[in-house]
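Raw contents of query-v3.cif, mmCIF, C-alpha atoms:
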data_coords
#
loop_
_atom_site.group_PDB
_atom_site.id
_atom_site.type_symbol
_atom_site.label_atom_id
_atom_site.label_comp_id
_atom_site.auth_asym_id
_atom_site.auth_seq_id
_atom_site.Cartn_x
_atom_site.Cartn_y
_atom_site.Cartn_z
ATOM 1 C CA MET F 1 22.810 23.266 7.057
ATOM 2 C CA ASN F 2 20.989 25.880 9.038
ATOM 3 C CA LYS F 3 18.590 24.054 11.365
ATOM 4 C CA PHE F 4 17.257 27.325 12.757
ATOM 5 C CA PHE F 5 16.126 28.391 9.279
ATOM 6 C CA LEU F 6 14.404 25.028 8.683
ATOM 7 C CA GLY F 7 12.746 25.223 12.115
ATOM 8 C CA GLY F 8 11.484 28.736 11.344
ATOM 9 C CA VAL F 9 9.993 27.628 8.030
ATOM 10 C CA LEU F 10 8.263 24.659 9.694
ATOM 11 C CA SER F 11 6.894 26.949 12.428
ATOM 12 C CA LEU F 12 5.466 29.375 9.884
ATOM 13 C CA LEU F 13 3.797 26.541 7.975
ATOM 14 C CA VAL F 14 2.221 25.149 11.131
ATOM 15 C CA LEU F 15 1.119 28.524 12.538
ATOM 16 C CA GLN F 16 -0.177 29.938 9.234
ATOM 17 C CA PRO F 17 -3.678 28.438 9.666
ATOM 18 C CA ALA F 18 -4.010 30.190 13.047
ATOM 19 C CA TRP F 19 -3.263 33.577 11.441
ATOM 20 C CA ALA F 20 -5.605 33.048 8.516
ATOM 21 C CA SER F 21 -8.589 31.675 10.431
ATOM 22 C CA ASP F 22 -11.998 33.076 9.769
ATOM 23 C CA TYR F 23 -14.746 32.102 12.150
ATOM 24 C CA ASP F 24 -18.250 31.449 10.916
ATOM 25 C CA TYR F 25 -20.940 31.083 13.590
ATOM 26 C CA THR F 26 -23.869 30.605 11.218
ATOM 27 C CA TYR F 27 -26.103 27.597 11.720
ATOM 28 C CA THR F 28 -26.619 25.036 8.980
ATOM 29 C CA ASP F 29 -28.657 21.850 9.104
ATOM 30 C CA GLN F 30 -26.439 19.784 6.815
ATOM 31 C CA HIS F 31 -25.441 16.448 8.292
ATOM 32 C CA ALA F 32 -21.845 16.608 7.106
ATOM 33 C CA ILE F 33 -19.955 19.860 6.774
ATOM 34 C CA GLU F 34 -16.693 19.721 4.836
ATOM 35 C CA GLU F 35 -14.070 21.758 6.660
ATOM 36 C CA ASP F 36 -11.258 23.551 4.879
ATOM 37 C CA GLY F 37 -8.256 22.076 6.647
ATOM 38 C CA SER F 38 -6.969 19.912 9.437
ATOM 39 C CA LEU F 39 -3.816 19.457 11.454
ATOM 40 C CA TYR F 40 -2.389 16.062 12.288
ATOM 41 C CA ILE F 41 0.457 14.772 14.423
ATOM 42 C CA GLY F 42 2.014 11.345 14.483
ATOM 43 C CA VAL F 43 4.736 9.124 15.822
ATOM 44 C CA GLY F 44 6.202 5.892 14.513
ATOM 45 C CA ALA F 45 9.041 3.401 14.464
ATOM 46 C CA SER F 46 11.415 3.162 11.507
ATOM 47 C CA LEU F 47 14.059 0.851 10.069
ATOM 48 C CA SER F 48 16.934 2.241 7.998
ATOM 49 C CA LEU F 49 18.350 0.381 4.999
ATOM 50 C CA GLY F 50 21.064 1.358 2.504
ATOM 51 C CA ASP F 51 24.054 3.437 3.654
ATOM 52 C CA SER F 52 22.483 3.968 7.089
ATOM 53 C CA PHE F 53 22.119 0.201 7.501
ATOM 54 C CA ASP F 54 25.727 -0.316 6.402
ATOM 55 C CA THR F 55 26.898 2.037 9.176
ATOM 56 C CA CYS F 56 24.735 0.185 11.706
ATOM 57 C CA ASP F 57 26.025 -3.180 10.545
ATOM 58 C CA THR F 58 29.694 -2.126 10.498
ATOM 59 C CA HIS F 59 29.573 -0.776 14.060
ATOM 60 C CA ASP F 60 27.081 -3.365 15.390
ATOM 61 C CA LEU F 61 24.351 -0.812 16.126
ATOM 62 C CA ASN F 62 20.580 -1.198 16.212
ATOM 63 C CA CYS F 63 19.053 0.356 13.069
ATOM 64 C CA LEU F 64 15.616 0.829 14.631
ATOM 65 C CA GLY F 65 14.749 4.484 14.938
ATOM 66 C CA TYR F 66 11.731 6.678 15.424
ATOM 67 C CA ARG F 67 10.035 9.579 13.732
ATOM 68 C CA THR F 68 7.601 12.289 14.729
ATOM 69 C CA TYR F 69 5.671 14.399 12.271
ATOM 70 C CA ILE F 70 3.174 17.196 12.073
ATOM 71 C CA GLY F 71 1.175 18.108 9.033
ATOM 72 C CA TYR F 72 -1.464 20.397 7.659
ATOM 73 C CA LYS F 73 -4.034 19.251 5.129
ATOM 74 C CA PRO F 74 -5.455 22.401 3.461
ATOM 75 C CA VAL F 75 -7.613 20.359 1.055
ATOM 76 C CA GLU F 76 -8.709 16.744 0.947
ATOM 77 C CA LYS F 77 -5.914 15.401 -1.297
ATOM 78 C CA ILE F 78 -2.872 17.566 -0.420
ATOM 79 C CA ALA F 79 -0.859 17.790 2.810
ATOM 80 C CA ILE F 80 2.279 19.626 3.919
ATOM 81 C CA GLU F 81 4.295 17.704 6.482
ATOM 82 C CA GLY F 82 7.308 18.425 8.670
ATOM 83 C CA SER F 83 9.125 15.622 10.445
ATOM 84 C CA HIS F 84 11.956 14.792 12.809
ATOM 85 C CA MET F 85 13.637 11.477 12.039
ATOM 86 C CA ASN F 86 16.046 9.594 14.235
ATOM 87 C CA PHE F 87 17.539 7.041 11.839
ATOM 88 C CA PHE F 88 19.732 5.291 14.415
ATOM 89 C CA ARG F 89 21.515 5.952 17.675
ATOM 90 C CA GLY F 90 23.726 3.782 19.868
ATOM 91 C CA ARG F 91 27.157 2.736 21.066
ATOM 92 C CA SER F 92 29.364 0.462 19.029
ATOM 93 C CA SER F 93 30.308 -2.866 20.544
ATOM 94 C CA GLY F 94 33.933 -2.560 19.424
ATOM 95 C CA LYS F 95 36.931 -1.481 21.493
ATOM 96 C CA GLU F 96 36.346 2.248 20.924
ATOM 97 C CA ARG F 97 32.718 2.162 22.316
ATOM 98 C CA ALA F 98 31.946 5.282 20.281
ATOM 99 C CA LYS F 99 28.457 6.766 20.350
ATOM 100 C CA TYR F 100 26.882 7.021 16.856
ATOM 101 C CA ALA F 101 23.791 9.009 15.901
ATOM 102 C CA ASN F 102 22.082 9.932 12.658
ATOM 103 C CA SER F 103 19.007 12.175 12.577
ATOM 104 C CA GLY F 104 17.298 14.712 10.353
ATOM 105 C CA LEU F 105 14.527 17.227 9.815
ATOM 106 C CA GLY F 106 12.277 16.852 6.801
ATOM 107 C CA LEU F 107 9.710 18.880 4.900
ATOM 108 C CA ALA F 108 7.461 17.250 2.282
ATOM 109 C CA VAL F 109 4.322 17.675 0.214
ATOM 110 C CA LEU F 110 1.974 14.683 0.131
ATOM 111 C CA GLY F 111 -0.567 13.831 -2.543
ATOM 112 C CA MET F 112 -3.309 11.620 -1.104
ATOM 113 C CA HIS F 113 -5.934 9.490 -2.806
ATOM 114 C CA PRO F 114 -8.658 7.326 -1.202
ATOM 115 C CA VAL F 115 -8.399 3.631 -2.062
ATOM 116 C CA LYS F 116 -11.404 2.486 0.024
ATOM 117 C CA ASP F 117 -13.656 4.157 2.571
ATOM 118 C CA ASN F 118 -11.084 3.705 5.333
ATOM 119 C CA VAL F 119 -7.815 3.377 3.345
ATOM 120 C CA GLU F 120 -5.884 6.251 1.803
ATOM 121 C CA GLY F 121 -2.729 5.943 -0.300
ATOM 122 C CA PHE F 122 -0.189 8.742 -0.618
ATOM 123 C CA ALA F 123 2.983 9.777 -2.408
ATOM 124 C CA LYS F 124 5.405 12.353 -1.056
ATOM 125 C CA VAL F 125 8.254 14.500 -2.273
ATOM 126 C CA GLY F 126 10.444 16.766 -0.163
ATOM 127 C CA PHE F 127 13.862 17.111 1.387
ATOM 128 C CA VAL F 128 15.690 16.044 4.546
ATOM 129 C CA ALA F 129 18.427 18.037 6.312
ATOM 130 C CA TRP F 130 20.413 15.383 8.207
ATOM 131 C CA ASP F 131 23.606 14.936 10.166
ATOM 132 C CA ALA F 132 25.642 11.971 11.379
ATOM 133 C CA THR F 133 27.678 12.287 14.571
ATOM 134 C CA VAL F 134 30.281 10.179 16.355
ATOM 135 C CA ASP F 135 30.762 10.995 20.051
ATOM 136 C CA GLY F 136 28.848 14.254 19.541
ATOM 137 C CA GLN F 137 31.093 15.475 16.712
ATOM 138 C CA THR F 138 29.491 15.919 13.277
ATOM 139 C CA GLN F 139 31.101 13.551 10.781
ATOM 140 C CA ALA F 140 28.785 14.161 7.824
ATOM 141 C CA ASP F 141 25.734 16.252 7.012
ATOM 142 C CA GLY F 142 23.675 17.307 4.052
ATOM 143 C CA THR F 143 20.297 18.143 2.600
ATOM 144 C CA ASP F 144 18.937 15.476 0.268
ATOM 145 C CA LEU F 145 15.853 14.781 -1.818
ATOM 146 C CA MET F 146 13.223 12.513 -0.262
ATOM 147 C CA LEU F 147 10.687 10.469 -2.253
ATOM 148 C CA GLY F 148 8.138 8.224 -0.610
ATOM 149 C CA ALA F 149 4.874 6.318 -0.781
ATOM 150 C CA GLY F 150 2.598 4.733 1.741
ATOM 151 C CA ALA F 151 -0.913 4.179 3.017
ATOM 152 C CA GLN F 152 -2.934 4.968 6.095
ATOM 153 C CA ILE F 153 -5.906 3.135 7.527
ATOM 154 C CA LYS F 154 -8.625 5.012 9.378
ATOM 155 C CA TYR F 155 -9.160 3.307 12.738
ATOM 156 C CA ARG F 156 -11.420 5.916 14.358
ATOM 157 C CA ASP F 157 -12.565 9.348 13.181
ATOM 158 C CA ASN F 158 -9.327 10.998 14.316
ATOM 159 C CA ILE F 159 -6.881 8.062 14.530
ATOM 160 C CA HIS F 160 -5.013 6.566 11.576
ATOM 161 C CA PHE F 161 -2.457 3.764 11.334
ATOM 162 C CA ARG F 162 0.227 4.580 8.775
ATOM 163 C CA GLY F 163 2.951 2.708 6.914
ATOM 164 C CA GLU F 164 5.409 4.183 4.436
ATOM 165 C CA LEU F 165 8.583 3.648 2.483
ATOM 166 C CA GLU F 166 10.919 6.592 1.788
ATOM 167 C CA TYR F 167 14.035 6.935 -0.286
ATOM 168 C CA ILE F 168 16.512 9.627 0.723
ATOM 169 C CA GLY F 169 18.952 10.198 -2.118
ATOM 170 C CA GLY F 170 22.214 12.096 -2.423
ATOM 171 C CA ASP F 171 24.928 11.524 0.164
ATOM 172 C CA MET F 172 22.664 9.616 2.555
ATOM 173 C CA ASP F 173 21.374 7.141 -0.085
ATOM 174 C CA SER F 174 19.080 5.214 2.273
ATOM 175 C CA VAL F 175 15.641 3.652 2.333
ATOM 176 C CA ILE F 176 13.524 4.164 5.447
ATOM 177 C CA MET F 177 10.592 1.858 6.258
ATOM 178 C CA SER F 178 8.292 3.146 8.981
ATOM 179 C CA SER F 179 4.961 2.487 10.611
ATOM 180 C CA GLY F 180 3.083 4.473 13.183
ATOM 181 C CA VAL F 181 -0.081 6.143 14.340
ATOM 182 C CA SER F 182 -1.411 9.665 13.802
ATOM 183 C CA TYR F 183 -4.085 11.862 15.342
ATOM 184 C CA SER F 184 -6.011 14.335 13.203
ATOM 185 C CA THR F 185 -8.121 17.349 14.231
ATOM 186 C CA LEU F 186 -10.789 16.326 11.680
#

Now that the file is in, can you turn its structure into structure tokens?
Amino acid sequence: MNKFFLGGVLSLLVLQPAWASDYDYTYTDQHAIEEDGSLYIGVGASLSLGDSFDTCDTHDLNCLGYRTYIGYKPVEKIAIEGSHMNFFRGRSSGKERAKYANSGLGLAVLGMHPVKDNVEGFAKVGFVAWDATVDGQTQADGTDLMLGAGAQIKYRDNIHFRGELEYIGGDMDSVIMSSGVSYSTL
């Protein structure tokens, strides 16, 4: 797993709109102007189930984690999203007192569809490059398929509350439930 390569790809996706911007200073008297794209950032809490939960349970760890994400919505119903996920982290309560951590970087494409005026449902497909460490030493890693679905509720013009359920297949074989808040430039 080459995290530098994944970080470079995410950087290019995020910075691409800045390179391709065209500025239009013409005046129009329309009340609502549809813009081409928007950026959004978000943060949330997550709970890991499946193999991740089994590791937490075996070593008496807390399976609550967090996630941060950034996305670009080039059109109304499609978004490209990069995320950092911390599935769990903590010290075991056993005699060894080992420090366990499991985190990953993800890249996904989201298809969005409005359900109501202020509610939007979405489905996502992508991949997660993850690693699991014990006392700072990598014990397992991989890149696995991620499938997910969720909804977001518009609270204010730029603020959304979001809940989602993701399945990460392959070696990780876990389900991640998360909720959080995001801020959009539109």

If we count only C-alpha atoms and set the cut-off at 6 Å, which residues sit around Leu107 in chain F, ignoring sequence neighbours fewer than 6 positions away in its own chain? Please answer as a list in words.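 Result of the neighbour search: Glu81, Gly82, Gly126 and Phe127 of chain F.
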
As a check of understanding, name the residues that the PyMOL selection byres ((chain F and resi 133) around 12) selects in the supplied structure, as a PDB file with C-alpha atoms, keeping the file's coordinate frame.
ATOM      1  CA  THR F  55      26.898   2.037   9.176  1.00  0.00           C
ATOM      2  CA  ASN F  86      16.046   9.594  14.235  1.00  0.00           C
ATOM      3  CA  PHE F  87      17.539   7.041  11.839  1.00  0.00           C
ATOM      4  CA  PHE F  88      19.732   5.291  14.415  1.00  0.00           C
ATOM      5  CA  ARG F  89      21.515   5.952  17.675  1.00  0.00           C
ATOM      6  CA  GLY F  90      23.726   3.782  19.868  1.00  0.00           C
ATOM      7  CA  ARG F  91      27.157   2.736  21.066  1.00  0.00           C
ATOM      8  CA  ALA F  98      31.946   5.282  20.281  1.00  0.00           C
ATOM      9  CA  LYS F  99      28.457   6.766  20.350  1.00  0.00           C
ATOM     10  CA  TYR F 100      26.882   7.021  16.856  1.00  0.00           C
ATOM     11  CA  ALA F 101      23.791   9.009  15.901  1.00  0.00           C
ATOM     12  CA  ASN F 102      22.082   9.932  12.658  1.00  0.00           C
ATOM     13  CA  SER F 103      19.007  12.175  12.577  1.00  0.00           C
ATOM     14  CA  GLY F 104      17.298  14.712  10.353  1.00  0.00           C
ATOM     15  CA  TRP F 130      20.413  15.383   8.207  1.00  0.00           C
ATOM     16  CA  ASP F 131      23.606  14.936  10.166  1.00  0.00           C
ATOM     17  CA  ALA F 132      25.642  11.971  11.379  1.00  0.00           C
ATOM     18  CA  VAL F 134      30.281  10.179  16.355  1.00  0.00           C
ATOM     19  CA  ASP F 135      30.762  10.995  20.051  1.00  0.00           C
ATOM     20  CA  GLY F 136      28.848  14.254  19.541  1.00  0.00           C
ATOM     21  CA  GLN F 137      31.093  15.475  16.712  1.00  0.00           C
ATOM     22  CA  THR F 138      29.491  15.919  13.277  1.00  0.00           C
ATOM     23  CA  GLN F 139      31.101  13.551  10.781  1.00  0.00           C
ATOM     24  CA  ALA F 140      28.785  14.161   7.824  1.00  0.00           C
ATOM     25  CA  ASP F 141      25.734  16.252   7.012  1.00  0.00           C
TER      26      ASP F 141
END

Report the distance between CA of Thr68 in chain F and CA of Leu147 in chain F in Å, rounded to one decimal place.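 Those two atoms sit 17.4 Å apart.
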
Determine the residue membership of the PyMOL selection byres ((chain F and resi 49) around 6) for the file above and supply it as a VMD selection string. chain F and resid 48 50 52 to 53 174 to 175

From the list F:Ser178, F:Thr58, F:Asn118, F:Thr143, which residue is nearest Ala45 in chain F when using all atoms listed in the file? F:Ser178

Selection near Asp173 in chain F, 7 Å with only C-alpha atoms, sequence-local residues under 2 positions removed, as a PyMOL selection string: chain F and resi 50-51+168-171

Calculated over only C-alpha atoms, which of the candidates F:Ile70, F:Ala151, F:Ile176, F:Met146 has the smallest distance to Met112 in chain F?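 Nearest candidate to Met112 in chain F out of F:Ile70, F:Ala151, F:Ile176, F:Met146: F:Ala151.
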
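In this model, the gap between CA of Leu110 in chain F and CA of Leu47 in chain F comes to 20.9 Å.
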
Name the residues in contact with His160 in chain F at a cut-off of 6 Å, using only C-alpha atoms, excluding same-chain residues fewer than 5 positions from it; report them as a PyMOL selection string. chain F and resi 153-155+181-182

Exercise: range 74-80 of chain F partners within 9 Å, all atoms listed in the file, chain neighbours under 2 positions left out, as a list in words: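 Skipping anything fewer than 2 positions along the chain leaves Leu13, Pro17, Glu35, Asp36, Gly37, Ser38, Leu39, Ile70, Gly71, Tyr72, Gly82, Leu107, Ala108, Val109, Leu110, Gly111, Met112, His113, Pro114 and Phe122 of chain F.
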
Considering only C-alpha atoms, return as a count of residues only whatever protein or nucleic-acid residues lie within 6 Å of Leu61 in chain F, sequence-local ones (same chain, fewer than 2 positions apart) excluded. 4

From the options F:Asp54, F:Asp60, F:Asp157, F:Glu166, which residue's atoms come nearest to Asp117 in chain F, counting all atoms listed in the file? F:Asp157

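A straight line drawn from CA of Tyr167 in chain F to CA of Leu145 in chain F is 8.2 Å long.
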
Would you mind telling me which residue in F:Met172, F:Ile159, F:Leu105, F:Val43 lies nearest to Thr185 in chain F when using all atoms listed in the file?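 Checking each of F:Met172, F:Ile159, F:Leu105, F:Val43 against Thr185 in chain F, counting all atoms listed in the file, the winner is F:Ile159.
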
Using only the atoms of range 71-89 of chain F listed in the file, plus 5 Å on each side, state the axis-aligned box centre and edge lengths in Å rounded to one decimal, as AutoDock Vina command-line options.
--center_x 6.4 --center_y 13.8 --center_z 8.2 --size_x 40.2 --size_y 27.1 --size_z 29.0
